[in-house]
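Contents: one structure, followed by commentary.
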Amino acid sequence: MLIGVAIVAAVGMLMSSKDFYLKLMNCVALALLSVSGGWIIRQTLSHGSYASESGLLYWDALSALLLSVIIIISVYVILFSFGYMEKEVREKKVPQTRLRWYYFWIWIFIATMLLVVSTPNLGIIWVGIEGTTLATTLLVGFYRNKQAVEAAWKYVILCTVGISFALLGTMLLFAAAAPLLGQTLNALDWRMLPKVASELDPNLTRLGVLFAVVGYGAKVGFAPMHAWLPDAHSQAPSPVSALLSAVLLNCALYAILRWYSLSRLTTLGPDFVGTILMSFGFLSLGLMVGFILLQKDLKRLLAYSSVEHMGILALGFGLGTREAVWGASLHLLFHGLTKANLFVIIGSLVQKTGTREISRIRGIFKVWPYTGIIMVFGLLSITGTPPFGTFRSEIIIFAGLFKTGHPVLGFLTILFLAVIFAGFLYHFLQMLYGNPSGQHQPGESASTLILIIPLLVVLFLGLFIPQSLNQALNQVVVAILGGV
Amino acid sequence: MAGISENVLNLILFVLLTCGLIIVYSTRVKKALNWWTLQTIAVSILILVQGVYSGELEVIVVGVLLLIGKAAIIPILLRRVLRESKTEWVGEIYLKRTSSLVVAGALTLLAYNVTEPLVTLSQPGFRNGLAVGLALIFYGLLLMMIRKVAIVQVLGILLIDNGIFLAGFFLTQGLPLLVEVGSMFDILIGVVITVILSKQMLENYHSLNVDHMRSLKG
């Protein structure tokens with residue numbers, strides 16, 4: 001039903017490039033998506049899990065978390081796309097007739113991500129993740145200029161190679177599980193696998209898990225496999241960057257988490273993948289410090305910040321204590337909301353100024369005060385400043401590091417984050433204050449402020465976590481770590 | 001493996017490995033593409049024969065899909081791009097054809113070495129198959145590193161894909177049908193998308209040389 005909506009919507013987009021038609025179709029599809037998705041999330045959280053009649057689709061609390069992130073951010077980003085793409089057409093960067101392809105690929109993209117979080121089968125998850133790569137390639141290269149083509153090419157080649165390793169990993173796991181569960185879909189089903197996890201052949205499983213984690217890790221953008229990420233994020237149209245950064249990376253991380261929670265039960269022990277994840281996480285965090293400090297390109301700055309936050313998530317999940325996983329799940333939600341907002345607001349800023357270079361944007365408060373306010377909120381949220389929710393989630397993860405006897409790691413992590421905070425502050429303050437260059441056209445309507453909604457949610461959740469969210473997150477923790 | 005005699009199996013594996021080596025050795029893109037096509041046909045024959053012997057419909061379906069989807073459609077698409085771009089040379093960087101053959105030979109030995117601990121798991125006849133599969137994956141990676149024409153990089157990915165497919169076949173007789181069809185569909189769409197991208201590359205750069213694309217950094 002859910003995925004059907006997205007695919008039908010995608011095909012529907014192709015019918016016409018008329019502005020009115022596209023907007024109407026998108027709104028109808030978004031409404032259907034939210035209603036059916038919301039219903040599934042409710043069912044899942046109240047019963048613990050929810051399966052479709054055929055049994056091919058299945059959701060638990062972790063899927064529900066990802067599903068809500070996908071739906072919320074899709075709605076936000078597509079609604080923003082209307083105005084953004086209209087302006088691009090007016091400025092003749094994109095012909096009107098190509099708009100339908102834009103929405104077509106966006107909806108295919110959403111459909112593949114829904115497939116990833118809706119299937120209980122590790123094999124189908126692979127098909128879905130590879131599908132997301134293909135659906136986004138032409139979106140990354142949407143402007144068809146030199147840089148866009150270069151970014152799209154790097155993206156599709158690097159990610160496809162990375163992901164093909166994950167396929168090899170899936171096959172190795174299947175080889176280990178098939179003698180126990182039969183040569184059917186069951187042998188890759190993450191509902192069935194835990195039952196036989198301790199009997200899986202250790203050699204095959206170890207190799208399989210390694211390939212899968214590294215393969216999907218390339219797609220998450222863990223350093224040192226992050227080369228494609230800043231290129232793709234900076235060249236894609238800004239709404240697409242928002243989707244890539246805030247949702248797609250999380251979906252790839254979701255695939256790793258499924259492998260992670262499975263491998264905890266095998267003879268490899270709970271720490272095998274955890275240690276790999278923590279190493280990737282720490283490396284991503286550490287390497288990004290330099291890139292963020294020295295960045296000249298606004299959108300690349302945000303892209304590197306995404307790598308950094310994926311690192312924080314990997315640290316939290318990899319640590320594997322209940323609190324850390326709880327915090328990381330919360331952080332996944334907060335990072336999604338914040339980063340979607342930042343890409344959207346920076347996207348409109350880049351559109352208004354016509355440049356991505358930080359040094360050429362000055363005096364935002366004087367010219368566009370509303371945009372300035374949103375950017376200040378975004379800056380505080382992305383760097384994890386209290387009282388924003390990101391502070392809460394990050395501090396829980398770091399507390400976990402200290403508690404489990406990683407004081408050096410914890411100290412370095414906090415140090416890195418402090419430097420990154422300084423870097424962000426430096427870049428943003430430069431843009432917010434100073435004298436605007438003559439090319440900046442003043443004038444914006446107060447309706448820009450609507451874009452701040454996700455940040456207000458993050459702010460609110462930083463001050464107060466409702467009981468229902470707390471329970472849902474506890475269910476997510478159980479879904480990842482198993483047991484009670 | 002029930003059905004296929006050791007001799008036939010070894011013959012097909014020999015063909016697969018040789019095709020892989022010749023692809024690495026080729027200096028003309030078109031030739032490399034032809035050899036890849038031959039290799040894919042050999043893989044699908046292997047699967048079809050196995051399917052007929054064991055009488056499993058699923059395996060036969062996979063074999064037929066492989067033959068139509070990968071061995072027929074993909075080469076047609078790629079050849080069209082080659083004709084439009086007038087690309088002939090594979091673009092050797094870092095390694096010339098002979099030295100790349102030596103490296104490929106070393107990688108084959110490595111593949112046999114790596115699969116050693118896994119051999120005890122499956123029947124003895126599988127050992128070669130698994131090692132050849134892994135060797136093809138290595139060749140693909142090598143090809144992507146030492147050649148700079150876009151289409152040859154796609155060939156590298158396709159070679160990796162063949163290798164993975166082969167390794168999977170010998171490990172488990174293939175994944176469940178749904179996953180197998182899904183991954184094949186992904187590869188097919190992937191090639192269509194890279195073809196579209198290489199056309200855009202031609203419009204922007206007037207060649208398929210990925211060396212031109214160096215503007216994004218830092």
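Please note that chains go A, B, ... in the order of the structure tokens, that every chain numbers its residues from 1, and that ligands are numbered from 1 in the order shown.
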
message: I need the chain B residues near chain A as a PyMOL selection string; criterion: at most 9 Å, counting only C-alpha atoms.
response: chain B and resi 117-118+121+141+150+153-154+157+160-161+164-165+167-169+171-180+182-183+185-187+189-190+193-194+196-198+200-201+204-205+210+213-218

Take the residues just selected and output them with N, CA and C atoms as a short mmCIF file (atom, residue, chain, number, x, y, z; two decimals), in the first residue's frame.
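Just written: again28.cif:
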data_model
loop_
_atom_site.label_atom_id
_atom_site.label_comp_id
_atom_site.auth_asym_id
_atom_site.auth_seq_id
_atom_site.Cartn_x
_atom_site.Cartn_y
_atom_site.Cartn_z
N PRO B 117 40.02 -21.23 3.58
CA PRO B 117 39.30 -21.67 4.78
C PRO B 117 37.84 -22.01 4.53
N LEU B 118 37.29 -21.49 3.43
CA LEU B 118 35.87 -21.74 3.16
C LEU B 118 35.65 -23.05 2.43
N LEU B 121 33.85 -26.18 3.74
CA LEU B 121 32.42 -26.11 3.98
C LEU B 121 31.61 -26.77 2.89
N LEU B 141 37.78 -4.86 -9.80
CA LEU B 141 38.33 -3.74 -9.03
C LEU B 141 39.58 -3.20 -9.70
N ALA B 150 35.11 5.88 -19.07
CA ALA B 150 33.94 5.64 -18.24
C ALA B 150 33.34 4.26 -18.47
N GLN B 153 35.03 1.44 -16.80
CA GLN B 153 34.72 1.36 -15.37
C GLN B 153 33.40 0.64 -15.15
N VAL B 154 32.44 0.91 -16.03
CA VAL B 154 31.18 0.18 -15.94
C VAL B 154 31.44 -1.31 -16.16
N ILE B 157 32.54 -2.88 -13.04
CA ILE B 157 31.43 -3.19 -12.13
C ILE B 157 30.70 -4.46 -12.59
N ILE B 160 32.68 -7.42 -11.64
CA ILE B 160 32.48 -7.69 -10.22
C ILE B 160 31.15 -8.39 -10.01
N ASP B 161 30.15 -7.91 -10.71
CA ASP B 161 28.82 -8.49 -10.57
C ASP B 161 28.81 -9.95 -11.00
N ILE B 164 30.48 -11.94 -8.25
CA ILE B 164 29.62 -12.13 -7.07
C ILE B 164 28.55 -13.17 -7.36
N PHE B 165 27.99 -13.05 -8.57
CA PHE B 165 26.95 -13.98 -8.97
C PHE B 165 27.48 -15.42 -8.93
N ALA B 167 30.20 -16.56 -7.30
CA ALA B 167 30.52 -16.97 -5.93
C ALA B 167 29.25 -17.38 -5.21
N GLY B 168 28.19 -16.58 -5.38
CA GLY B 168 26.93 -16.89 -4.73
C GLY B 168 26.37 -18.22 -5.21
N PHE B 169 26.52 -18.47 -6.51
CA PHE B 169 26.00 -19.70 -7.09
C PHE B 169 26.70 -20.92 -6.48
N LEU B 171 28.34 -20.97 -3.59
CA LEU B 171 28.15 -21.05 -2.15
C LEU B 171 26.79 -21.64 -1.80
N THR B 172 25.77 -21.21 -2.53
CA THR B 172 24.42 -21.50 -2.07
C THR B 172 23.47 -21.91 -3.17
N GLN B 173 23.97 -22.12 -4.40
CA GLN B 173 23.07 -22.35 -5.53
C GLN B 173 22.19 -21.16 -5.79
N GLY B 174 22.68 -19.98 -5.48
CA GLY B 174 21.91 -18.77 -5.79
C GLY B 174 21.01 -18.34 -4.66
N LEU B 175 20.72 -17.04 -4.63
CA LEU B 175 19.85 -16.49 -3.61
C LEU B 175 18.39 -16.83 -3.94
N PRO B 176 17.47 -16.55 -3.02
CA PRO B 176 16.06 -16.74 -3.34
C PRO B 176 15.67 -15.95 -4.59
N LEU B 177 14.71 -16.49 -5.34
CA LEU B 177 14.37 -15.93 -6.66
C LEU B 177 14.06 -14.43 -6.60
N LEU B 178 13.30 -14.04 -5.58
CA LEU B 178 12.88 -12.64 -5.48
C LEU B 178 14.09 -11.71 -5.38
N VAL B 179 15.06 -12.11 -4.55
CA VAL B 179 16.25 -11.29 -4.37
C VAL B 179 17.08 -11.30 -5.66
N GLU B 180 17.19 -12.48 -6.27
CA GLU B 180 17.97 -12.62 -7.49
C GLU B 180 17.42 -11.72 -8.60
N GLY B 182 15.47 -9.15 -8.18
CA GLY B 182 15.63 -7.76 -7.75
C GLY B 182 17.01 -7.23 -8.06
N SER B 183 18.04 -8.03 -7.75
CA SER B 183 19.40 -7.53 -7.96
C SER B 183 19.70 -7.43 -9.45
N PHE B 185 17.51 -6.75 -11.77
CA PHE B 185 16.80 -5.55 -12.21
C PHE B 185 17.61 -4.30 -11.87
N ASP B 186 18.17 -4.29 -10.66
CA ASP B 186 19.00 -3.15 -10.24
C ASP B 186 20.17 -2.95 -11.18
N ILE B 187 20.85 -4.05 -11.53
CA ILE B 187 22.02 -3.94 -12.40
C ILE B 187 21.61 -3.39 -13.76
N ILE B 189 18.95 -1.53 -14.57
CA ILE B 189 18.63 -0.11 -14.45
C ILE B 189 19.92 0.69 -14.27
N GLY B 190 20.84 0.12 -13.49
CA GLY B 190 22.11 0.80 -13.26
C GLY B 190 22.83 1.07 -14.56
N ILE B 193 21.19 3.84 -16.44
CA ILE B 193 21.50 5.15 -15.86
C ILE B 193 22.92 5.59 -16.20
N THR B 194 23.87 4.64 -16.15
CA THR B 194 25.23 5.05 -16.52
C THR B 194 25.30 5.43 -17.99
N ILE B 196 22.87 6.93 -19.67
CA ILE B 196 22.35 8.30 -19.72
C ILE B 196 23.42 9.28 -19.24
N LEU B 197 24.09 8.91 -18.13
CA LEU B 197 25.12 9.79 -17.59
C LEU B 197 26.27 9.96 -18.57
N SER B 198 26.67 8.86 -19.25
CA SER B 198 27.80 9.03 -20.16
C SER B 198 27.42 9.89 -21.36
N GLN B 200 25.46 12.49 -21.06
CA GLN B 200 25.61 13.85 -20.53
C GLN B 200 27.08 14.22 -20.42
N MET B 201 27.90 13.20 -20.10
CA MET B 201 29.34 13.44 -20.03
C MET B 201 29.87 13.85 -21.40
N ASN B 204 29.07 17.43 -22.15
CA ASN B 204 29.85 18.40 -21.38
C ASN B 204 31.33 18.38 -21.69
N TYR B 205 31.88 17.19 -21.88
CA TYR B 205 33.33 17.07 -22.00
C TYR B 205 33.79 16.61 -23.38
N VAL B 210 37.36 9.85 -17.84
CA VAL B 210 36.99 10.37 -16.51
C VAL B 210 38.10 11.22 -15.91
N MET B 213 37.38 14.85 -15.21
CA MET B 213 36.48 15.25 -14.13
C MET B 213 37.24 15.36 -12.83
N ARG B 214 37.82 16.52 -12.61
CA ARG B 214 38.62 16.67 -11.40
C ARG B 214 38.33 17.98 -10.69
N SER B 215 37.15 18.57 -10.93
CA SER B 215 36.95 19.91 -10.38
C SER B 215 36.46 19.88 -8.94
N LEU B 216 35.89 18.77 -8.50
CA LEU B 216 35.32 18.75 -7.15
C LEU B 216 36.35 18.24 -6.15
N LYS B 217 36.72 19.10 -5.24
CA LYS B 217 37.73 18.72 -4.25
C LYS B 217 37.47 19.38 -2.92
N GLY B 218 38.06 18.86 -1.87
CA GLY B 218 38.13 19.54 -0.57
C GLY B 218 36.88 19.58 0.25
#

Shell of 9 Å around Leu78 in chain B, only C-alpha atoms, local chain residues under 4 positions omitted, as a count of residues only: 9

All alpha helix (DSSP H) residues (DSSP, backbone) inside range 32-189 of chain A, as a VMD selection string: chain A and resid 32 to 47 61 to 90 99 to 118 122 to 140 146 to 181

Shell around Lys70 in chain B at 9 Å using only C-alpha atoms, local window under 3 positions removed, as a count of residues only: 12

field: CA of Gly336 in chain A to CA of Val69 in chain A, distance in Å rounded to a single decimal
entry: 7.0 Å

message: Which residues are close to Val28 in chain A, i.e. within 12 Å by only C-alpha atoms, leaving aside same-chain residues fewer than 2 positions away? Reply as a list in words.
response: Val5, Ala6, Val8, Ala9, Gly12, Met13, Tyr21, Leu22, Lys23, Leu24, Met25, Asn26, Leu30, Ala31, Leu32, Leu33, Ser34, Val35, Val75, Ile78 and Leu79 of chain A

message: Give me, as a PyMOL selection string, all polymer residues having an atom no more than 9 Å from Leu21 in chain B, counting only C-alpha atoms and skipping those fewer than 2 positions away in the same chain.
response: chain B and resi 16-19+23-26+101+104-105+136+139

- request: Would you kindly return, as a PyMOL selection string, each protein, DNA or RNA residue with an atom no farther than 9 Å from any atom of Gly129 in chain B, considering only C-alpha atoms and excluding same-chain residues fewer than 2 positions away?
  value: chain B and resi 9-10+13+125-127+131-134+166-167+169-171

Selected residues written out with N, CA and C atoms, as a short mmCIF file (atom, residue, chain, number, x, y, z; two decimals), in the first residue's frame:
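Dumped to result.cif:
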data_model
loop_
_atom_site.label_atom_id
_atom_site.label_comp_id
_atom_site.auth_asym_id
_atom_site.auth_seq_id
_atom_site.Cartn_x
_atom_site.Cartn_y
_atom_site.Cartn_z
N LEU B 9 32.20 -28.76 -15.66
CA LEU B 9 32.32 -27.66 -14.72
C LEU B 9 33.66 -26.96 -14.88
N ASN B 10 34.72 -27.77 -14.92
CA ASN B 10 36.05 -27.18 -15.05
C ASN B 10 36.22 -26.44 -16.37
N LEU B 13 34.49 -23.11 -16.05
CA LEU B 13 35.28 -22.22 -15.19
C LEU B 13 36.50 -21.70 -15.92
N GLY B 125 34.15 -29.90 -5.42
CA GLY B 125 34.05 -29.32 -6.75
C GLY B 125 33.83 -27.82 -6.74
N PHE B 126 33.36 -27.30 -5.61
CA PHE B 126 33.03 -25.89 -5.54
C PHE B 126 34.25 -25.01 -5.40
N ARG B 127 35.34 -25.60 -4.95
CA ARG B 127 36.48 -24.79 -4.59
C ARG B 127 36.91 -23.89 -5.74
N ALA B 131 36.75 -19.73 -5.99
CA ALA B 131 37.98 -18.98 -6.21
C ALA B 131 37.89 -18.16 -7.49
N VAL B 132 37.33 -18.76 -8.55
CA VAL B 132 37.20 -18.03 -9.81
C VAL B 132 36.28 -16.83 -9.62
N GLY B 133 35.18 -17.03 -8.88
CA GLY B 133 34.27 -15.92 -8.60
C GLY B 133 35.00 -14.77 -7.94
N LEU B 134 35.78 -15.09 -6.93
CA LEU B 134 36.51 -14.05 -6.21
C LEU B 134 37.55 -13.39 -7.11
N LEU B 166 28.68 -15.59 -9.47
CA LEU B 166 29.30 -16.91 -9.53
C LEU B 166 29.59 -17.43 -8.13
N ALA B 167 30.20 -16.56 -7.30
CA ALA B 167 30.52 -16.97 -5.93
C ALA B 167 29.25 -17.38 -5.21
N PHE B 169 26.52 -18.47 -6.51
CA PHE B 169 26.00 -19.70 -7.09
C PHE B 169 26.70 -20.92 -6.48
N PHE B 170 28.02 -20.80 -6.30
CA PHE B 170 28.74 -21.95 -5.77
C PHE B 170 28.58 -22.09 -4.26
N LEU B 171 28.34 -20.97 -3.59
CA LEU B 171 28.15 -21.05 -2.15
C LEU B 171 26.79 -21.64 -1.80
#

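With only C-alpha atoms as the atoms that count, the minimum distance from Tyr112 in chain B to the choices B:Val29, B:Leu130, B:Leu95, B:Ile76 is reached by B:Leu130.
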
field: Residue neighbourhood Thr267 in chain A, 8 Å, only C-alpha atoms, exclusion window fewer than 4 positions, as a list in words
entry: Ala197, Ser198, Glu199, Leu200, Pro202 and Ser263 of chain A

Could you save the residues just selected, with N, CA and C atoms, as a PDB file, in the first residue's frame?
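Result written to selection.pdb:
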ATOM      1  N   ALA A 197      20.817 -18.141  15.176  1.00  0.00           N
ATOM      2  CA  ALA A 197      22.040 -17.333  15.084  1.00  0.00           C
ATOM      3  C   ALA A 197      23.255 -18.036  15.676  1.00  0.00           C
ATOM      4  N   SER A 198      23.053 -18.728  16.798  1.00  0.00           N
ATOM      5  CA  SER A 198      24.221 -19.308  17.467  1.00  0.00           C
ATOM      6  C   SER A 198      24.762 -20.514  16.705  1.00  0.00           C
ATOM      7  N   GLU A 199      23.967 -21.063  15.765  1.00  0.00           N
ATOM      8  CA  GLU A 199      24.445 -22.243  15.034  1.00  0.00           C
ATOM      9  C   GLU A 199      25.056 -21.895  13.683  1.00  0.00           C
ATOM     10  N   LEU A 200      25.012 -20.608  13.303  1.00  0.00           N
ATOM     11  CA  LEU A 200      25.550 -20.229  11.993  1.00  0.00           C
ATOM     12  C   LEU A 200      27.050 -20.497  11.931  1.00  0.00           C
ATOM     13  N   PRO A 202      30.668 -19.942  11.794  1.00  0.00           N
ATOM     14  CA  PRO A 202      31.364 -18.703  12.168  1.00  0.00           C
ATOM     15  C   PRO A 202      32.206 -18.104  11.046  1.00  0.00           C
ATOM     16  N   SER A 263      24.227  -9.913  14.303  1.00  0.00           N
ATOM     17  CA  SER A 263      25.557 -10.441  14.613  1.00  0.00           C
ATOM     18  C   SER A 263      25.815 -10.474  16.116  1.00  0.00           C
TER      19      SER A 263
END

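From CA of Met145 in chain B back to CA of Tyr94 in chain B, the distance works out to 8.5 Å.
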
Counting only C-alpha atoms, which residues in range 420-480 of chain A sit no more than 12 Å from range 36-42 of chain A? For each one, give the nearest pair of atoms and the distance in Å, sorted by chain then residue number, as a tab-separated table.
residue	atom	partner	partner_atom	distance
A:Ser468	CA	A:Arg42	CA	11.0
A:Leu469	CA	A:Arg42	CA	11.9
A:Ala472	CA	A:Ile41	CA	10.2

Output the selection as a PDB file, in the first residue's frame - C-alpha atoms for each residue.
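selection-v3.pdb, freshly written:
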ATOM      1  CA  SER A 468       4.989   8.188  24.231  1.00  0.00           C
ATOM      2  CA  LEU A 469       8.268   9.046  22.479  1.00  0.00           C
ATOM      3  CA  ALA A 472       8.780   4.216  21.379  1.00  0.00           C
TER       4      ALA A 472
END
